[in-house]
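A.B. asks: Input protein01.txt, format and content: compact mmCIF, C-alpha atoms and all ligand atoms.
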# COMPACT_ATOMS: atom_id res chain seq x y z
CA MET A 1 -3.59 -20.66 3.62
CA LYS A 2 -4.96 -21.68 7.00
CA ASN A 3 -1.91 -20.88 9.12
CA CYS A 4 -0.06 -17.69 10.01
CA ARG A 5 2.36 -16.47 7.32
CA ILE A 6 4.86 -15.41 9.96
CA CYS A 7 4.79 -18.04 12.74
CA LYS A 8 2.63 -20.82 11.19
CA SER A 9 0.17 -20.90 14.14
CA LYS A 10 -3.62 -21.17 13.81
CA LEU A 11 -5.74 -18.26 12.50
CA LYS A 12 -9.00 -16.82 13.79
CA LYS A 13 -11.50 -15.12 11.45
CA ILE A 14 -12.26 -11.39 11.92
CA ILE A 15 -14.62 -10.90 8.96
CA ASN A 16 -15.61 -12.53 5.71
CA LEU A 17 -15.81 -9.61 3.26
CA GLY A 18 -17.56 -11.57 0.53
CA LYS A 19 -16.37 -11.67 -3.07
CA ILE A 20 -14.82 -8.79 -5.00
CA ALA A 21 -13.23 -8.34 -8.42
CA LEU A 22 -9.47 -7.79 -8.35
CA VAL A 23 -8.99 -4.07 -7.72
CA GLY A 24 -6.41 -3.72 -10.50
CA ASN A 25 -8.52 -5.48 -13.12
CA PHE A 26 -9.67 -2.50 -15.22
CA SER A 27 -11.28 -3.58 -18.48
CA LYS A 28 -11.50 -2.03 -21.95
CA SER A 29 -15.29 -2.47 -22.02
CA LYS A 30 -18.05 -3.25 -19.54
CA ILE A 31 -17.63 -6.89 -18.55
CA LYS A 32 -18.61 -9.25 -15.79
CA HIS A 33 -15.35 -9.31 -13.82
CA LYS A 34 -14.43 -12.53 -12.08
CA LYS A 35 -14.80 -12.21 -8.31
CA TYR A 36 -12.78 -13.77 -5.52
CA SER A 37 -13.63 -14.23 -1.87
CA ILE A 38 -11.70 -12.38 0.81
CA THR A 39 -11.48 -13.07 4.56
CA LEU A 40 -9.58 -11.18 7.23
CA ASN A 41 -8.02 -13.11 10.13
CA TYR A 42 -5.51 -12.81 12.91
CA CYS A 43 -2.97 -15.25 14.24
CA MET A 44 -3.91 -16.70 17.62
CA LYS A 45 -0.25 -16.66 18.66
CA CYS A 46 1.64 -13.68 17.16
CA LYS A 47 -1.55 -11.67 16.33
CA HIS A 48 -0.41 -10.90 12.79
CA VAL A 49 -3.47 -9.70 10.82
CA GLN A 50 -3.75 -11.28 7.37
CA ILE A 51 -6.15 -12.44 4.68
CA THR A 52 -6.49 -16.15 4.05
CA GLU A 53 -6.73 -15.98 0.28
CA TYR A 54 -3.61 -16.03 -1.79
CA LEU A 55 -4.09 -15.71 -5.52
CA ASP A 56 -1.60 -16.43 -8.28
CA PRO A 57 0.66 -13.34 -8.08
CA ASN A 58 0.76 -13.17 -11.88
CA LEU A 59 -2.93 -12.27 -11.76
CA LEU A 60 -2.11 -9.31 -9.55
CA PHE A 61 1.33 -8.03 -10.38
CA LYS A 62 2.41 -9.10 -13.88
CA ASN A 63 0.79 -6.02 -15.42
CA TYR A 64 0.69 -3.58 -12.54
CA LEU A 65 -1.13 -0.29 -13.00
CA TRP A 66 0.31 1.70 -10.16
CA GLU A 67 3.33 3.83 -10.97
CA THR A 68 5.58 5.27 -8.27
CA GLY A 69 6.30 8.39 -10.26
CA ILE A 70 2.74 9.61 -10.29
CA SER A 71 1.89 11.21 -6.97
CA LYS A 72 3.40 14.48 -5.79
CA SER A 73 3.05 13.45 -2.14
CA ASN A 74 5.06 10.33 -2.90
CA ILE A 75 7.92 12.29 -4.44
CA PHE A 76 7.91 14.56 -1.39
CA LEU A 77 8.19 11.55 0.95
CA ILE A 78 11.14 10.23 -1.00
CA LYS A 79 12.95 13.56 -0.71
CA LYS A 80 12.57 13.42 3.07
CA LEU A 81 13.93 9.88 3.12
CA LEU A 82 17.05 11.05 1.28
CA ILE A 83 17.94 13.29 4.20
CA SER A 84 17.83 10.31 6.60
CA LEU A 85 19.90 8.23 4.19
CA LYS A 86 22.68 10.80 4.13
CA LYS A 87 22.86 10.50 7.89
CA TYR A 88 23.42 6.76 7.49
CA GLY A 89 26.32 7.29 5.11
CA ILE A 90 24.81 6.55 1.70
CA GLY A 91 27.18 7.72 -1.02
CA LYS A 92 29.02 7.07 -4.25
CA LYS A 93 30.45 3.77 -3.02
CA SER A 94 27.14 2.36 -1.78
CA LYS A 95 25.57 -0.56 -3.59
CA ILE A 96 21.80 -0.41 -3.51
CA LEU A 97 19.05 -2.89 -4.17
CA GLU A 98 15.37 -2.02 -4.32
CA ILE A 99 12.77 -4.76 -3.94
CA ALA A 100 9.62 -3.95 -5.94
CA SER A 101 11.29 -1.08 -7.76
CA ASN A 102 8.16 -0.32 -9.79
CA ASP A 103 8.93 2.07 -12.69
CA GLY A 104 12.41 2.84 -11.35
CA SER A 105 11.51 6.34 -10.11
CA PHE A 106 13.07 5.86 -6.68
CA ILE A 107 16.30 4.35 -8.00
CA GLN A 108 16.56 7.13 -10.53
CA ILE A 109 16.43 9.70 -7.72
CA LEU A 110 19.06 7.77 -5.68
CA LYS A 111 21.37 7.50 -8.67
CA GLU A 112 21.08 11.17 -9.53
CA LYS A 113 21.59 12.27 -5.96
CA PHE A 114 24.32 9.89 -4.79
CA LYS A 115 25.91 8.66 -8.08
CA CYS A 116 25.76 5.15 -6.63
CA PHE A 117 25.28 1.70 -8.12
CA ALA A 118 21.67 0.57 -7.86
CA ILE A 119 19.50 -2.20 -9.23
CA GLY A 120 15.82 -2.99 -8.88
CA VAL A 121 13.69 -6.12 -8.77
CA ASP A 122 10.09 -5.97 -9.94
CA PRO A 123 7.73 -8.64 -11.28
CA ALA A 124 5.61 -6.33 -13.48
CA GLN A 125 6.71 -6.61 -17.10
CA ASN A 126 5.25 -3.25 -18.11
CA LEU A 127 7.01 -1.44 -15.26
CA ALA A 128 10.35 -3.22 -15.66
CA LYS A 129 10.29 -2.22 -19.31
CA LYS A 130 9.59 1.38 -18.37
CA ALA A 131 12.39 1.36 -15.79
CA ARG A 132 14.86 -0.08 -18.31
CA SER A 133 13.92 2.61 -20.81
CA LYS A 134 15.19 5.06 -18.18
CA LYS A 135 18.43 3.00 -17.97
CA ILE A 136 17.55 1.55 -14.55
CA SER A 137 18.81 -2.05 -14.31
CA THR A 138 15.80 -4.12 -13.34
CA ILE A 139 15.47 -7.83 -12.67
CA ASN A 140 11.98 -8.74 -13.83
CA ASP A 141 11.05 -11.26 -11.13
CA TYR A 142 9.62 -11.79 -7.64
CA PHE A 143 12.12 -11.24 -4.88
CA SER A 144 12.66 -14.35 -2.75
CA TYR A 145 15.42 -16.21 -0.96
CA GLU A 146 15.99 -18.22 -4.14
CA LEU A 147 16.40 -15.08 -6.23
CA SER A 148 18.70 -13.56 -3.59
CA LYS A 149 21.16 -16.41 -4.20
CA LYS A 150 21.32 -15.57 -7.91
CA ILE A 151 21.68 -11.86 -7.18
CA LYS A 152 24.48 -12.57 -4.71
CA ARG A 153 26.43 -14.61 -7.25
CA LYS A 154 26.31 -11.74 -9.71
CA PHE A 155 26.50 -8.63 -7.51
CA ASP A 156 27.64 -9.87 -4.08
CA LYS A 157 26.24 -7.92 -1.07
CA PHE A 158 24.55 -4.54 -0.74
CA GLU A 159 24.96 -1.63 1.68
CA PHE A 160 21.35 -0.54 1.35
CA ILE A 161 18.27 -2.60 0.56
CA PHE A 162 14.86 -1.01 0.21
CA ALA A 163 11.44 -2.62 0.35
CA ARG A 164 8.86 0.13 0.21
CA ASN A 165 5.22 -0.95 0.18
CA VAL A 166 5.87 -4.54 -0.76
CA ILE A 167 6.00 -6.67 2.40
CA ALA A 168 2.21 -6.46 2.72
CA HIS A 169 1.90 -8.09 -0.72
CA VAL A 170 3.90 -11.25 -0.28
CA LYS A 171 2.92 -14.80 0.52
CA SER A 172 6.14 -15.48 2.36
CA PRO A 173 7.37 -12.43 4.30
CA ASN A 174 9.96 -14.74 5.87
CA GLY A 175 11.27 -15.43 2.35
CA ILE A 176 11.85 -11.70 1.77
CA PHE A 177 13.61 -11.29 5.11
CA ARG A 178 15.76 -14.36 4.54
CA GLY A 179 16.69 -13.06 1.10
CA VAL A 180 17.56 -9.65 2.54
CA LYS A 181 19.67 -11.24 5.28
CA ASN A 182 21.54 -13.13 2.56
CA LEU A 183 22.30 -9.95 0.59
CA LEU A 184 22.87 -7.38 3.32
CA SER A 185 26.53 -6.42 3.87
CA ASN A 186 27.85 -6.71 7.45
CA ASP A 187 27.01 -3.14 8.30
CA GLY A 188 24.27 -2.77 5.67
CA ILE A 189 20.86 -1.25 6.28
CA PHE A 190 17.52 -2.66 5.20
CA ILE A 191 14.81 0.00 4.97
CA LEU A 192 11.25 -1.16 4.88
CA GLU A 193 8.02 0.82 4.62
CA VAL A 194 4.62 -0.66 5.24
CA PRO A 195 1.14 0.70 6.10
CA HIS A 196 0.79 0.64 9.87
CA LEU A 197 -1.88 -1.67 11.28
CA LEU A 198 -2.47 0.93 13.97
CA ASN A 199 -3.95 3.39 11.45
CA ILE A 200 -5.91 0.72 9.67
CA PHE A 201 -7.65 -0.03 12.96
CA LYS A 202 -7.78 3.45 14.44
CA GLU A 203 -9.15 5.07 11.29
CA ASN A 204 -11.08 2.08 10.12
CA GLN A 205 -9.18 1.82 6.83
CA TYR A 206 -10.68 -1.47 5.74
CA ASP A 207 -10.40 -0.27 2.12
CA ASN A 208 -6.77 -1.34 2.50
CA ILE A 209 -7.95 -4.93 2.55
CA PHE A 210 -7.87 -6.44 -0.93
CA HIS A 211 -6.17 -9.34 -2.64
CA GLU A 212 -2.88 -7.49 -3.19
CA HIS A 213 -2.54 -6.76 0.53
CA ILE A 214 -2.35 -10.00 2.35
CA GLY A 215 -0.53 -8.97 5.54
CA PHE A 216 -1.18 -5.95 7.77
CA HIS A 217 1.92 -5.03 9.66
CA SER A 218 2.98 -3.40 12.88
CA LEU A 219 6.26 -2.76 14.64
CA LYS A 220 5.57 -6.06 16.42
CA SER A 221 5.13 -8.11 13.24
CA ILE A 222 8.25 -6.60 11.65
CA ARG A 223 10.20 -7.32 14.81
CA ASP A 224 8.92 -10.92 14.77
CA LEU A 225 10.09 -11.26 11.16
CA CYS A 226 13.49 -9.80 12.06
CA SER A 227 14.07 -12.12 14.98
CA LEU A 228 13.09 -15.18 12.91
CA ASN A 229 15.63 -14.20 10.26
CA GLY A 230 18.74 -12.97 12.08
CA LEU A 231 17.96 -9.27 11.83
CA LYS A 232 16.98 -6.46 14.20
CA ILE A 233 15.20 -3.10 13.98
CA PHE A 234 17.29 -0.20 15.24
CA ASN A 235 15.11 2.74 14.25
CA VAL A 236 11.52 3.40 13.21
CA GLU A 237 9.62 6.44 11.91
CA LEU A 238 5.95 7.13 11.43
CA ILE A 239 5.49 8.45 7.90
CA ASP A 240 2.59 10.04 6.11
CA SER A 241 2.30 7.47 3.34
CA GLN A 242 -0.63 5.20 2.40
CA GLY A 243 -2.72 6.67 5.21
CA GLY A 244 0.03 6.25 7.81
CA SER A 245 2.97 3.89 7.52
CA ILE A 246 5.99 2.83 9.50
CA ARG A 247 9.49 3.02 8.08
CA CYS A 248 11.78 0.52 9.78
CA TYR A 249 15.58 0.63 9.71
CA ILE A 250 16.99 -2.86 10.08
CA LYS A 251 20.48 -4.30 10.47
CA ASN A 252 22.13 -7.62 11.13
CA LYS A 253 21.32 -9.08 14.53
CA TYR A 254 24.86 -8.71 15.87
CA SER A 255 25.35 -5.15 14.67
CA ALA A 256 26.59 -2.73 17.34
CA GLN A 257 24.21 -0.05 16.08
CA LYS A 258 22.53 1.88 18.88
CA ILE A 259 18.80 1.21 19.22
CA SER A 260 16.69 4.35 18.86
CA LYS A 261 14.33 5.38 21.65
CA LYS A 262 11.61 5.67 19.02
CA ILE A 263 11.25 1.89 19.02
CA GLN A 264 10.07 1.94 22.62
CA ILE A 265 7.73 4.87 21.89
CA ILE A 266 5.98 3.15 18.99
CA ASP A 267 5.96 -0.13 20.84
CA ASN A 268 4.11 1.60 23.69
CA LEU A 269 1.75 3.23 21.22
CA GLU A 270 0.80 -0.16 19.80
CA LYS A 271 0.35 -1.64 23.27
CA LYS A 272 -1.63 1.33 24.57
CA SER A 273 -3.99 1.12 21.60
CA LYS A 274 -4.62 -2.53 22.53
CA LEU A 275 -3.74 -3.34 18.95
CA PHE A 276 -3.25 -6.99 19.73
CA SER A 277 -6.08 -7.60 22.17
CA ASN A 278 -8.46 -10.28 20.96
CA LYS A 279 -11.43 -8.09 21.83
CA ASN A 280 -10.14 -5.23 19.68
CA LEU A 281 -9.35 -7.55 16.80
CA ASP A 282 -12.76 -9.26 16.99
CA ASN A 283 -14.58 -5.89 17.13
CA PHE A 284 -13.20 -4.80 13.79
CA GLU A 285 -15.99 -6.72 12.05
CA LYS A 286 -18.68 -4.54 13.59
CA THR A 287 -16.82 -1.33 12.76
CA ILE A 288 -16.46 -2.35 9.10
CA VAL A 289 -20.13 -3.33 8.74
CA GLN A 290 -21.29 -0.04 10.25
CA HIS A 291 -19.05 2.07 8.03
CA LYS A 292 -20.17 0.26 4.86
CA GLN A 293 -23.79 0.98 5.72
CA LYS A 294 -23.10 4.60 6.59
CA ILE A 295 -21.32 5.56 3.37
CA ASN A 296 -23.80 3.66 1.22
CA LYS A 297 -26.69 5.44 2.92
CA LEU A 298 -25.10 8.85 2.41
CA ILE A 299 -24.51 8.35 -1.32
CA THR A 300 -27.83 6.58 -1.97
CA GLY A 301 -29.62 9.48 -0.23
CA LEU A 302 -27.90 12.07 -2.44
CA LYS A 303 -28.66 10.06 -5.55
CA LYS A 304 -32.34 9.87 -4.61
CA ASN A 305 -32.30 13.68 -4.53
CA ASN A 306 -30.97 13.66 -8.10
CA PHE A 307 -27.50 14.86 -7.29
CA ARG A 308 -24.80 13.84 -9.75
CA ILE A 309 -22.03 11.96 -7.98
CA SER A 310 -18.60 10.94 -9.21
CA VAL A 311 -15.54 9.45 -7.60
CA TYR A 312 -11.93 10.64 -7.52
CA GLY A 313 -9.38 7.86 -7.34
CA ALA A 314 -9.09 4.59 -9.22
CA SER A 315 -6.56 3.30 -6.72
CA GLY A 316 -6.84 -0.17 -5.22
CA LYS A 317 -8.34 1.07 -1.99
CA GLY A 318 -11.01 3.06 -3.88
CA GLN A 319 -11.99 0.04 -5.91
CA ALA A 320 -12.14 -2.11 -2.79
CA LEU A 321 -14.34 0.34 -0.88
CA MET A 322 -16.72 0.80 -3.83
CA GLN A 323 -17.25 -2.94 -3.99
CA TYR A 324 -17.54 -3.52 -0.22
CA ALA A 325 -20.00 -0.64 0.24
CA LYS A 326 -21.88 -1.32 -3.03
CA ILE A 327 -21.13 2.12 -4.44
CA ASN A 328 -21.79 1.03 -8.02
CA ASN A 329 -22.67 2.41 -11.46
CA LYS A 330 -26.27 3.00 -10.40
CA LEU A 331 -24.95 5.67 -8.00
CA ILE A 332 -21.74 6.91 -9.62
CA ASP A 333 -21.36 8.57 -13.04
CA ASN A 334 -17.60 8.52 -13.47
CA VAL A 335 -14.33 7.77 -11.75
CA PHE A 336 -11.54 10.31 -12.21
CA ASP A 337 -7.87 9.45 -12.01
CA LYS A 338 -4.56 10.73 -13.35
CA SER A 339 -3.26 7.29 -14.24
CA ARG A 340 -3.05 7.13 -18.01
CA LEU A 341 -3.03 3.35 -17.72
CA LYS A 342 -6.56 3.43 -16.27
CA CYS A 343 -8.21 6.31 -18.14
CA GLY A 344 -10.74 5.19 -20.74
CA LYS A 345 -11.17 1.84 -18.99
CA TYR A 346 -13.92 0.47 -16.75
CA THR A 347 -13.62 -0.13 -13.01
CA PRO A 348 -13.42 -3.72 -11.75
CA GLY A 349 -16.68 -5.12 -10.43
CA THR A 350 -18.55 -1.81 -10.81
CA ASN A 351 -18.09 -1.01 -14.54
CA ILE A 352 -17.70 2.75 -14.30
CA LYS A 353 -15.70 4.63 -16.92
CA VAL A 354 -12.44 6.22 -15.74
CA LEU A 355 -11.73 9.71 -17.06
CA GLU A 356 -8.89 12.19 -16.71
CA PRO A 357 -9.35 14.78 -13.93
CA LYS A 358 -9.41 17.58 -16.53
CA TYR A 359 -13.07 16.63 -17.13
CA ILE A 360 -14.07 17.40 -13.53
CA SER A 361 -16.54 20.27 -13.67
CA ARG A 362 -19.62 21.61 -11.91
CA LYS A 363 -21.42 21.11 -15.23
CA ASN A 364 -21.48 17.37 -14.65
CA ILE A 365 -20.77 16.79 -10.93
CA ASP A 366 -22.37 17.91 -7.66
CA TYR A 367 -20.50 15.60 -5.30
CA LEU A 368 -17.04 14.15 -5.73
CA VAL A 369 -16.20 11.22 -3.44
CA ILE A 370 -12.46 11.23 -2.72
CA LEU A 371 -11.49 7.59 -2.50
CA SER A 372 -7.76 8.30 -2.76
CA TRP A 373 -8.21 9.98 0.61
CA ASN A 374 -4.54 9.50 1.53
CA ILE A 375 -3.73 12.29 -0.96
CA LYS A 376 -6.92 14.27 -0.32
CA SER A 377 -5.22 17.63 0.30
CA GLU A 378 -3.40 17.27 -3.01
CA ILE A 379 -6.69 16.51 -4.78
CA ILE A 380 -8.66 19.30 -3.09
CA LYS A 381 -5.94 21.79 -4.01
CA GLN A 382 -5.93 20.56 -7.58
CA GLU A 383 -9.75 20.78 -7.84
CA LYS A 384 -10.22 24.12 -6.08
CA LYS A 385 -12.17 25.48 -9.04
CA PHE A 386 -14.76 22.72 -8.62
CA LEU A 387 -15.07 23.65 -4.94
CA LYS A 388 -15.26 27.40 -5.72
CA ASP A 389 -18.00 26.73 -8.25
CA GLY A 390 -20.09 25.12 -5.50
CA GLY A 391 -19.03 21.50 -5.86
CA LYS A 392 -18.77 19.36 -2.74
CA PHE A 393 -16.35 16.65 -1.71
CA ILE A 394 -17.18 13.53 0.26
CA ILE A 395 -14.36 12.19 2.44
CA PRO A 396 -14.98 8.55 3.43
CA PHE A 397 -12.73 8.12 6.51
CA PRO A 398 -12.64 7.89 9.46
CA LYS A 399 -16.36 8.71 9.19
CA PRO A 400 -18.05 9.69 5.89
CA MET A 401 -18.35 13.47 5.75
CA ILE A 402 -19.22 16.21 3.28
CA LEU A 403 -16.72 19.00 2.67
CA ASN A 404 -17.81 22.26 1.05
ZN ZN A 501 1.58 -15.86 13.79
Let's see the structure in the file written out as structure tokens.
Ligand SMILES: [Zn+2]
C.D. replies:
Amino acid sequence: MKNCRICKSKLKKIINLGKIALVGNFSKSKIKHKKYSITLNYCMKCKHVQITEYLDPNLLFKNYLWETGISKSNIFLIKKLLISLKKYGIGKKSKILEIASNDGSFIQILKEKFKCFAIGVDPAQNLAKKARSKKISTINDYFSYELSKKIKRKFDKFEFIFARNVIAHVKSPNGIFRGVKNLLSNDGIFILEVPHLLNIFKENQYDNIFHEHIGFHSLKSIRDLCSLNGLKIFNVELIDSQGGSIRCYIKNKYSAQKISKKIQIIDNLEKKSKLFSNKNLDNFEKTIVQHKQKINKLITGLKKNNFRISVYGASGKGQALMQYAKINNKLIDNVFDKSRLKCGKYTPGTNIKVLEPKYISRKNIDYLVILSWNIKSEIIKQEKKFLKDGGKFIIPFPKPMILN
């Protein structure tokens, strides 16, 4: 992919991040994981930030190890969303479609709360199976314009369509928007959540860059996608998800829906932060290189002083950061994570054994690096005994720091 995924214009390179193993590729034993190159770019015309590489999605998503149901913070976010949905008239008669429905957790909540009809689409076989076991109808496929035609023939149109944390993953964001346009009822609402480029830049979250995340979005890029596909944003919220995301409320282009003032506010925020200035975009390389060196130096220094260091978080971003900053099995004893799908396995590219958090103890750890920093307060609360016993946490962003 040499051209912009949104507007097809030419790309300019920000940084070549080298080669990393796929962040979801946990293995049953220590192996030499296959590595793939990764390069960050921006579009010279619309400024959409994106990686060039696009791997076979079956490599990434067919057996997906991230389950919606797992994090408490995530459940909390969903509950807050339900309040907004009520305002927009969701109810018994609403037909709902969720794109990338994962294990069906979100649909299950909607069905329980609103007694509505809802179906999901998800490409991961393991997750679709899990969702179906909870009686959540799930189409096991990638959502696209083509698939939207099949869905329309069977179910007609929908009042609510959700795409939470998926637009960053797709090769053709225009295909998703075109499919949504095809399935959205006249007065229907499309609700999309995506990590906000603003935070990625402001807080230097380059650990968000890995092969599953190919596009880094802003209010501007979502608006561009809307206008290319006969849709418009009428409301936007900043939400505390994935290190700071935007939730966009979208309707058909000709809808009479009033446009929220919040659009102008966030638009100004993006402009004021010079998010799309070439200088700012080009400078990101330097910021990334400096951060990588800083965190590596901190951990290497502790290791030299014989401290025992482990990591909390086997999430994608954690596995990306470990590989970019060369935080490997020479420095780290174990990785802790709640995901039962990952426990007992070895981390991609760094071959460190993943254990359940119940094994976290001062007996075997001096420093715990929190790589799932987006849920750091949840983790710190959960591990307060470790802290009380004299253990220390390392928080990687925005600047690496020790918490005790
Ligand atoms: Zn573009």
A.B. asks: For ligand ZN 501 (chain A), collect every residue having any atom at a distance of at most 9 Å from a ligand atom (counting all atoms listed in the file); output as a PyMOL selection string.
C.D. replies: chain A and resi 3-11+42-49+221+224
A.B. asks: Of the candidates A:Ser27, A:Ser218, A:Ser277, A:Asn268, which shows the shortest atom-to-atom distance to Ala168 (chain A), using all atoms listed in the file?
C.D. replies: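 Of the candidates, the smallest distance to Ala168 (chain A) is held by A:Ser218.
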A.B. asks: Please identify all polymer residues within 8 Å of region 357-363 of chain A, counting all atoms listed in the file, omitting same-chain residues fewer than 4 positions from it, and present them as a PyMOL selection string.
C.D. replies: chain A and resi 336-338+383+386+389-391
A.B. asks: Would you save the residues from that selection as a compact mmCIF listing (two decimals), keeping the file's coordinate frame, using C-alpha atoms?
C.D. replies:
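Final output, again.txt:
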# COMPACT_ATOMS: atom_id res chain seq x y z
CA PHE A 336 -11.54 10.31 -12.21
CA ASP A 337 -7.87 9.45 -12.01
CA LYS A 338 -4.56 10.73 -13.35
CA GLU A 383 -9.75 20.78 -7.84
CA PHE A 386 -14.76 22.72 -8.62
CA ASP A 389 -18.00 26.73 -8.25
CA GLY A 390 -20.09 25.12 -5.50
CA GLY A 391 -19.03 21.50 -5.86
A.B. asks: Just want the 6 Å neighbourhood of Ile176 (chain A), counted on all atoms listed in the file, with same-chain residues fewer than 3 positions away dropped. Output as a PyMOL selection string.
C.D. replies: chain A and resi 144+173+179
A.B. asks: Where does region 319-381 of chain A meet region 230-251 of chain A within 12 Å, residue by residue, with the nearest atom pair and distance in Å to one decimal for each, counting all atoms listed in the file, listed by chain and rising number, as JSON lines?
C.D. replies:
{"residue": "A:Leu371", "atom": "CA", "partner": "A:Gly243", "partner_atom": "CA", "distance": 11.7}
{"residue": "A:Ser372", "atom": "CA", "partner": "A:Gln242", "partner_atom": "CA", "distance": 9.3}
{"residue": "A:Trp373", "atom": "CA", "partner": "A:Gly243", "partner_atom": "CA", "distance": 7.9}
{"residue": "A:Asn374", "atom": "CA", "partner": "A:Gly243", "partner_atom": "CA", "distance": 5.0}
{"residue": "A:Ile375", "atom": "CA", "partner": "A:Gly243", "partner_atom": "CA", "distance": 8.4}
{"residue": "A:Lys376", "atom": "CA", "partner": "A:Gly243", "partner_atom": "CA", "distance": 10.3}
A.B. asks: May I ask for the distance between CA of Lys157 (chain A) and CA of Tyr142 (chain A), given in Å to one decimal place?
C.D. replies: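 Here the two named atoms are 18.3 Å from each other.
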A.B. asks: Counting all atoms listed in the file, note down every residue that has an atom within 8 Å of the point (-7.2, 3.9, -9.5) (file coordinates), as a list in words.
C.D. replies: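 Output of the proximity query reads Gly24, Trp66, Gly313, Ala314, Ser315, Gly316, Gly318, Gln319, Asp337, Ser339 and Lys342 of chain A.
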A.B. asks: Please, what distance in Å, to one decimal, runs between CA of Asn140 (chain A) and CA of Ala124 (chain A)?
C.D. replies: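 CA of Ala124 (chain A) lies 6.8 Å from CA of Asn140 (chain A).
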A.B. asks: Could you jot down the CA of Gln125 (chain A) to CA of Thr138 (chain A) separation for me, Å, one decimal place?
C.D. replies: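 About the pair CA of Gln125 (chain A) and CA of Thr138 (chain A): they are 10.1 Å apart.
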A.B. asks: Region 343-351 of chain A: which residues within 9 Å, counting all atoms listed in the file, same-chain residues fewer than 3 positions away excluded, as a PDB file with C-alpha atoms, in the frame of the given file?
C.D. replies:
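The resulting part.pdb:
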ATOM      1  CA  ILE A  20     -14.820  -8.790  -5.000  1.00  0.00           C
ATOM      2  CA  ALA A  21     -13.230  -8.340  -8.420  1.00  0.00           C
ATOM      3  CA  LEU A  22      -9.470  -7.790  -8.350  1.00  0.00           C
ATOM      4  CA  VAL A  23      -8.990  -4.070  -7.720  1.00  0.00           C
ATOM      5  CA  GLY A  24      -6.410  -3.720 -10.500  1.00  0.00           C
ATOM      6  CA  ASN A  25      -8.520  -5.480 -13.120  1.00  0.00           C
ATOM      7  CA  PHE A  26      -9.670  -2.500 -15.220  1.00  0.00           C
ATOM      8  CA  SER A  27     -11.280  -3.580 -18.480  1.00  0.00           C
ATOM      9  CA  LYS A  28     -11.500  -2.030 -21.950  1.00  0.00           C
ATOM     10  CA  SER A  29     -15.290  -2.470 -22.020  1.00  0.00           C
ATOM     11  CA  LYS A  30     -18.050  -3.250 -19.540  1.00  0.00           C
ATOM     12  CA  ILE A  31     -17.630  -6.890 -18.550  1.00  0.00           C
ATOM     13  CA  LYS A  32     -18.610  -9.250 -15.790  1.00  0.00           C
ATOM     14  CA  HIS A  33     -15.350  -9.310 -13.820  1.00  0.00           C
ATOM     15  CA  LYS A  34     -14.430 -12.530 -12.080  1.00  0.00           C
ATOM     16  CA  LYS A  35     -14.800 -12.210  -8.310  1.00  0.00           C
ATOM     17  CA  ALA A 314      -9.090   4.590  -9.220  1.00  0.00           C
ATOM     18  CA  GLN A 319     -11.990   0.040  -5.910  1.00  0.00           C
ATOM     19  CA  MET A 322     -16.720   0.800  -3.830  1.00  0.00           C
ATOM     20  CA  GLN A 323     -17.250  -2.940  -3.990  1.00  0.00           C
ATOM     21  CA  LYS A 326     -21.880  -1.320  -3.030  1.00  0.00           C
ATOM     22  CA  ILE A 327     -21.130   2.120  -4.440  1.00  0.00           C
ATOM     23  CA  ASN A 328     -21.790   1.030  -8.020  1.00  0.00           C
ATOM     24  CA  ASN A 329     -22.670   2.410 -11.460  1.00  0.00           C
ATOM     25  CA  VAL A 335     -14.330   7.770 -11.750  1.00  0.00           C
ATOM     26  CA  PHE A 336     -11.540  10.310 -12.210  1.00  0.00           C
ATOM     27  CA  ASP A 337      -7.870   9.450 -12.010  1.00  0.00           C
ATOM     28  CA  LYS A 338      -4.560  10.730 -13.350  1.00  0.00           C
ATOM     29  CA  SER A 339      -3.260   7.290 -14.240  1.00  0.00           C
ATOM     30  CA  ARG A 340      -3.050   7.130 -18.010  1.00  0.00           C
ATOM     31  CA  VAL A 354     -12.440   6.220 -15.740  1.00  0.00           C
ATOM     32  CA  LEU A 355     -11.730   9.710 -17.060  1.00  0.00           C
ATOM     33  CA  GLU A 356      -8.890  12.190 -16.710  1.00  0.00           C
TER      34      GLU A 356
END
A.B. asks: Select, counting all atoms listed in the file, all protein, DNA and RNA residues no farther than 8 Å from (-9.4, -9.6, -2.9) in file coordinates, and express the selection as a PyMOL selection string.
C.D. replies: chain A and resi 19-23+36-38+53+209-212+320
A.B. asks: At a cut-off of 7 Å, using only C-alpha atoms, what residues contact Ile394 (chain A)? Leave out same-chain residues fewer than 6 positions from it and give the result as a ChimeraX atom specification.
C.D. replies: /A:367-370,400-403
A.B. asks: Identify, on the basis of only C-alpha atoms, every residue whose closest approach to Gly301 (chain A) does not exceed 10 Å; exclude the query and any residue fewer than 6 positions from it along the same chain; express the result as an MDAnalysis selection string.
C.D. replies: chainID A and resid 295 307 331
A.B. asks: May I have the selected residues written with C-alpha atoms, as a PDB file, in the coordinates of the input?
C.D. replies:
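The result, stored in out.pdb:
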ATOM      1  CA  ILE A 295     -21.320   5.560   3.370  1.00  0.00           C
ATOM      2  CA  PHE A 307     -27.500  14.860  -7.290  1.00  0.00           C
ATOM      3  CA  LEU A 331     -24.950   5.670  -8.000  1.00  0.00           C
TER       4      LEU A 331
END
A.B. asks: Restricting the calculation to all atoms listed in the file: of A:Lys253, A:Ile299, A:Phe117, A:Phe397, which residue gets closest to Leu228 (chain A)?
C.D. replies: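 Looking at the shortest contact to Leu228 (chain A), the residue is A:Lys253.
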